[in-house]
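Raw upload-v4.pdb, PDB, C-alpha atoms:
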```pdb
ATOM      1  CA  MET T   1      77.473 151.467  88.581  1.00  0.00           C
ATOM      2  CA  ARG T   2      80.799 151.382  90.380  1.00  0.00           C
ATOM      3  CA  ARG T   3      79.534 148.969  93.071  1.00  0.00           C
ATOM      4  CA  VAL T   4      79.288 146.063  90.648  1.00  0.00           C
ATOM      5  CA  PRO T   5      83.049 145.872  89.894  1.00  0.00           C
ATOM      6  CA  VAL T   6      83.914 146.394  93.589  1.00  0.00           C
ATOM      7  CA  SER T   7      81.597 143.579  94.660  1.00  0.00           C
ATOM      8  CA  VAL T   8      83.076 141.296  91.996  1.00  0.00           C
ATOM      9  CA  ILE T   9      86.574 142.053  93.303  1.00  0.00           C
ATOM     10  CA  VAL T  10      85.462 141.336  96.873  1.00  0.00           C
ATOM     11  CA  VAL T  11      83.954 137.988  95.837  1.00  0.00           C
ATOM     12  CA  VAL T  12      87.116 137.019  93.930  1.00  0.00           C
ATOM     13  CA  LEU T  13      89.281 137.920  96.945  1.00  0.00           C
ATOM     14  CA  LEU T  14      87.088 135.804  99.240  1.00  0.00           C
ATOM     15  CA  ILE T  15      87.354 132.830  96.900  1.00  0.00           C
ATOM     16  CA  LEU T  16      91.136 133.199  96.770  1.00  0.00           C
ATOM     17  CA  ALA T  17      91.281 133.354 100.570  1.00  0.00           C
ATOM     18  CA  PHE T  18      89.330 130.089 100.879  1.00  0.00           C
ATOM     19  CA  VAL T  19      91.537 128.388  98.286  1.00  0.00           C
ATOM     20  CA  ALA T  20      94.704 129.543 100.072  1.00  0.00           C
ATOM     21  CA  GLY T  21      93.308 128.269 103.381  1.00  0.00           C
ATOM     22  CA  GLY T  22      92.613 124.887 101.819  1.00  0.00           C
ATOM     23  CA  TYR T  23      96.165 124.581 100.574  1.00  0.00           C
ATOM     24  CA  ALA T  24      97.551 125.536 103.980  1.00  0.00           C
ATOM     25  CA  ALA T  25      95.452 122.841 105.675  1.00  0.00           C
ATOM     26  CA  GLY T  26      96.703 120.245 103.212  1.00  0.00           C
ATOM     27  CA  LYS T  27     100.393 121.066 103.642  1.00  0.00           C
ATOM     28  CA  SER T  28     102.543 117.997 104.098  1.00  0.00           C
ATOM     29  CA  TYR T  29     105.878 117.547 105.821  1.00  0.00           C
ATOM     30  CA  GLN T  30     108.560 114.870 105.733  1.00  0.00           C
ATOM     31  CA  PHE T  31     110.871 113.164 108.202  1.00  0.00           C
ATOM     32  CA  THR T  32     113.802 110.980 107.130  1.00  0.00           C
ATOM     33  CA  GLY T  33     115.633 108.506 109.308  1.00  0.00           C
ATOM     34  CA  VAL T  34     116.254 104.895 110.244  1.00  0.00           C
ATOM     35  CA  VAL T  35     113.384 102.653 111.359  1.00  0.00           C
ATOM     36  CA  LYS T  36     113.876 101.610 114.978  1.00  0.00           C
ATOM     37  CA  ALA T  37     110.567  99.824 115.629  1.00  0.00           C
ATOM     38  CA  VAL T  38     107.502  98.731 113.667  1.00  0.00           C
ATOM     39  CA  ASP T  39     104.237  97.218 114.801  1.00  0.00           C
ATOM     40  CA  ALA T  40     100.729  96.981 113.375  1.00  0.00           C
ATOM     41  CA  SER T  41      99.764 100.545 114.309  1.00  0.00           C
ATOM     42  CA  SER T  42     102.970 102.596 114.626  1.00  0.00           C
ATOM     43  CA  LEU T  43     106.379 103.284 113.155  1.00  0.00           C
ATOM     44  CA  THR T  44     109.338 104.695 115.126  1.00  0.00           C
ATOM     45  CA  VAL T  45     111.965 106.565 113.114  1.00  0.00           C
ATOM     46  CA  GLU T  46     115.266 107.919 114.464  1.00  0.00           C
ATOM     47  CA  LYS T  47     116.873 110.888 112.722  1.00  0.00           C
ATOM     48  CA  SER T  48     119.697 111.322 115.234  1.00  0.00           C
ATOM     49  CA  ALA T  49     120.555 110.219 118.762  1.00  0.00           C
ATOM     50  CA  LYS T  50     118.510 113.165 120.074  1.00  0.00           C
ATOM     51  CA  GLU T  51     115.584 113.036 117.665  1.00  0.00           C
ATOM     52  CA  THR T  52     113.247 110.041 117.429  1.00  0.00           C
ATOM     53  CA  TRP T  53     109.656 110.314 116.221  1.00  0.00           C
ATOM     54  CA  GLN T  54     106.778 107.875 116.392  1.00  0.00           C
ATOM     55  CA  PHE T  55     104.142 107.878 113.656  1.00  0.00           C
ATOM     56  CA  GLU T  56     100.693 106.305 113.699  1.00  0.00           C
ATOM     57  CA  LEU T  57     100.128 104.063 110.690  1.00  0.00           C
ATOM     58  CA  ALA T  58      96.747 104.648 109.074  1.00  0.00           C
ATOM     59  CA  LYS T  59      94.962 101.867 107.192  1.00  0.00           C
ATOM     60  CA  ASP T  60      95.325 103.780 103.916  1.00  0.00           C
ATOM     61  CA  THR T  61      99.063 104.586 104.279  1.00  0.00           C
ATOM     62  CA  LYS T  62     100.802 104.146 100.929  1.00  0.00           C
ATOM     63  CA  GLY T  63     104.111 102.368 100.443  1.00  0.00           C
ATOM     64  CA  GLY T  64     105.606  99.068 101.422  1.00  0.00           C
ATOM     65  CA  ALA T  65     106.026  97.647 104.895  1.00  0.00           C
ATOM     66  CA  PRO T  66     109.289  99.040 106.317  1.00  0.00           C
ATOM     67  CA  LYS T  67     111.562  96.841 108.386  1.00  0.00           C
ATOM     68  CA  VAL T  68     113.772  97.724 111.338  1.00  0.00           C
ATOM     69  CA  GLY T  69     117.019  99.192 109.996  1.00  0.00           C
ATOM     70  CA  ASP T  70     115.514 100.537 106.752  1.00  0.00           C
ATOM     71  CA  ARG T  71     116.138 104.197 105.910  1.00  0.00           C
ATOM     72  CA  VAL T  72     112.755 105.782 105.176  1.00  0.00           C
ATOM     73  CA  THR T  73     111.186 109.139 104.449  1.00  0.00           C
ATOM     74  CA  VAL T  74     107.812 109.576 106.135  1.00  0.00           C
ATOM     75  CA  TYR T  75     105.391 112.072 104.609  1.00  0.00           C
ATOM     76  CA  TYR T  76     102.824 113.336 107.097  1.00  0.00           C
ATOM     77  CA  LYS T  77     100.294 116.095 107.753  1.00  0.00           C
ATOM     78  CA  MET T  78      99.662 117.805 111.056  1.00  0.00           C
ATOM     79  CA  VAL T  79      96.031 117.268 112.005  1.00  0.00           C
ATOM     80  CA  THR T  80      94.444 118.363 115.246  1.00  0.00           C
ATOM     81  CA  THR T  81      92.344 115.746 117.000  1.00  0.00           C
ATOM     82  CA  GLU T  82      91.640 117.553 120.274  1.00  0.00           C
ATOM     83  CA  ILE T  83      92.414 120.830 122.005  1.00  0.00           C
ATOM     84  CA  GLU T  84      92.299 121.152 125.773  1.00  0.00           C
ATOM     85  CA  GLY T  85      92.323 124.678 127.117  1.00  0.00           C
ATOM     86  CA  LYS T  86      93.331 125.864 130.532  1.00  0.00           C
ATOM     87  CA  PRO T  87      93.020 129.422 131.789  1.00  0.00           C
ATOM     88  CA  ALA T  88      96.206 131.437 131.923  1.00  0.00           C
ATOM     89  CA  ALA T  89      97.808 131.677 135.332  1.00  0.00           C
ATOM     90  CA  THR T  90      97.193 135.018 136.957  1.00  0.00           C
ATOM     91  CA  ALA T  91      99.967 136.580 138.953  1.00  0.00           C
ATOM     92  CA  THR T  92      99.120 137.557 142.504  1.00  0.00           C
ATOM     93  CA  PRO T  93      99.603 141.279 143.060  1.00  0.00           C
ATOM     94  CA  ALA T  94     102.592 142.128 145.227  1.00  0.00           C
ATOM     95  CA  LYS T  95     101.864 143.845 148.505  1.00  0.00           C
ATOM     96  CA  THR T  96     103.256 147.327 148.712  1.00  0.00           C
ATOM     97  CA  LYS T  97     104.717 148.750 151.906  1.00  0.00           C
ATOM     98  CA  LYS T  98     103.441 152.077 153.123  1.00  0.00           C
TER      99      LYS T  98
END
```

Represent the structure of the file as structure tokens.
Amino acid sequence: MRRVPVSVIVVVLLILAFVAGGYAAGKSYQFTGVVKAVDASSLTVEKSAKETWQFELAKDTKGGAPKVGDRVTVYYKMVTTEIEGKPAATATPAKTKK
């Protein structure tokens, strides 16, 4: 009799975990600065002399066409396209003197 409410709670917690994961994957960020370069596929925005970012322009990007010199806020999402793994470097054991 008690297993039914516990299983319902477990199912509800799993659903909430999936929903929270979906929101985390859809999180968006923003970057504000002055447009330094624009072409058909990319946009370069400078926030400061030390910080310049380049964004890929997707076909379905909303908003007007920015021009060089315009101050813009770019809204973007971080999406992984590829991961390349390399084994961790192993340290060579030091020789001990006897």

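Nearest to Glu51 in chain T of all the residues T:Gly69, T:Pro5, T:Gly64, T:Gly33 is T:Gly33, counting only C-alpha atoms.
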
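In this structure, CA of Glu84 in chain T sits 21.8 Å away from CA of Gln54 in chain T.
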
As a check of understanding: the span from CA of Lys36 in chain T to CA of Asp70 in chain T is 8.5 Å

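Residue nearest Lys67 in chain T within the list T:Val38, T:Ile15, T:Trp53, T:Thr80: T:Val38 [criterion: smallest interatomic distance, only C-alpha atoms].
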
Could you write out as JSON, numbers by chain the residues that the PyMOL selection byres ((chain T and resi 30) around 7) matches in the shown file? {"T": [28, 29, 31, 32, 73, 74, 75, 76]}

Deliver the residues from the most recent selection as a file, using C-alpha atoms, as a compact mmCIF listing (two decimals), in the coordinates of the input.
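Saved as result.txt:
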```txt
# COMPACT_ATOMS: atom_id res chain seq x y z
CA SER T 28 102.54 118.00 104.10
CA TYR T 29 105.88 117.55 105.82
CA PHE T 31 110.87 113.16 108.20
CA THR T 32 113.80 110.98 107.13
CA THR T 73 111.19 109.14 104.45
CA VAL T 74 107.81 109.58 106.14
CA TYR T 75 105.39 112.07 104.61
CA TYR T 76 102.82 113.34 107.10
```

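Between CA of Asp60 in chain T and CA of Ala40 in chain T there is a distance of 12.8 Å.
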
Draw an axis-aligned box over all listed atoms of range 36-43 of chain T, pad each side with 5 Å, and write its centre and edge lengths in Å, one decimal, as JSON.
```
{"center_x": 106.8, "center_y": 100.1, "center_z": 114.4, "size_x": 24.1, "size_y": 16.3, "size_z": 12.5}
```

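Among T:Lys97, T:Glu82, T:Ile9, T:Ala65, the residue with the shortest atom-to-atom distance to Ala37 in chain T, counting only C-alpha atoms, is T:Ala65.
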
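Taking all atoms listed in the file into account, Val35 in chain T lies nearest to T:Lys47 out of the set T:Lys77, T:Lys59, T:Lys47, T:Lys95.
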
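Here the PyMOL selection byres ((chain T and resi 55) around 7) catches exactly these residues: Ser42, Leu43, Thr44, Trp53, Gln54, Glu56 and Leu57 of chain T.
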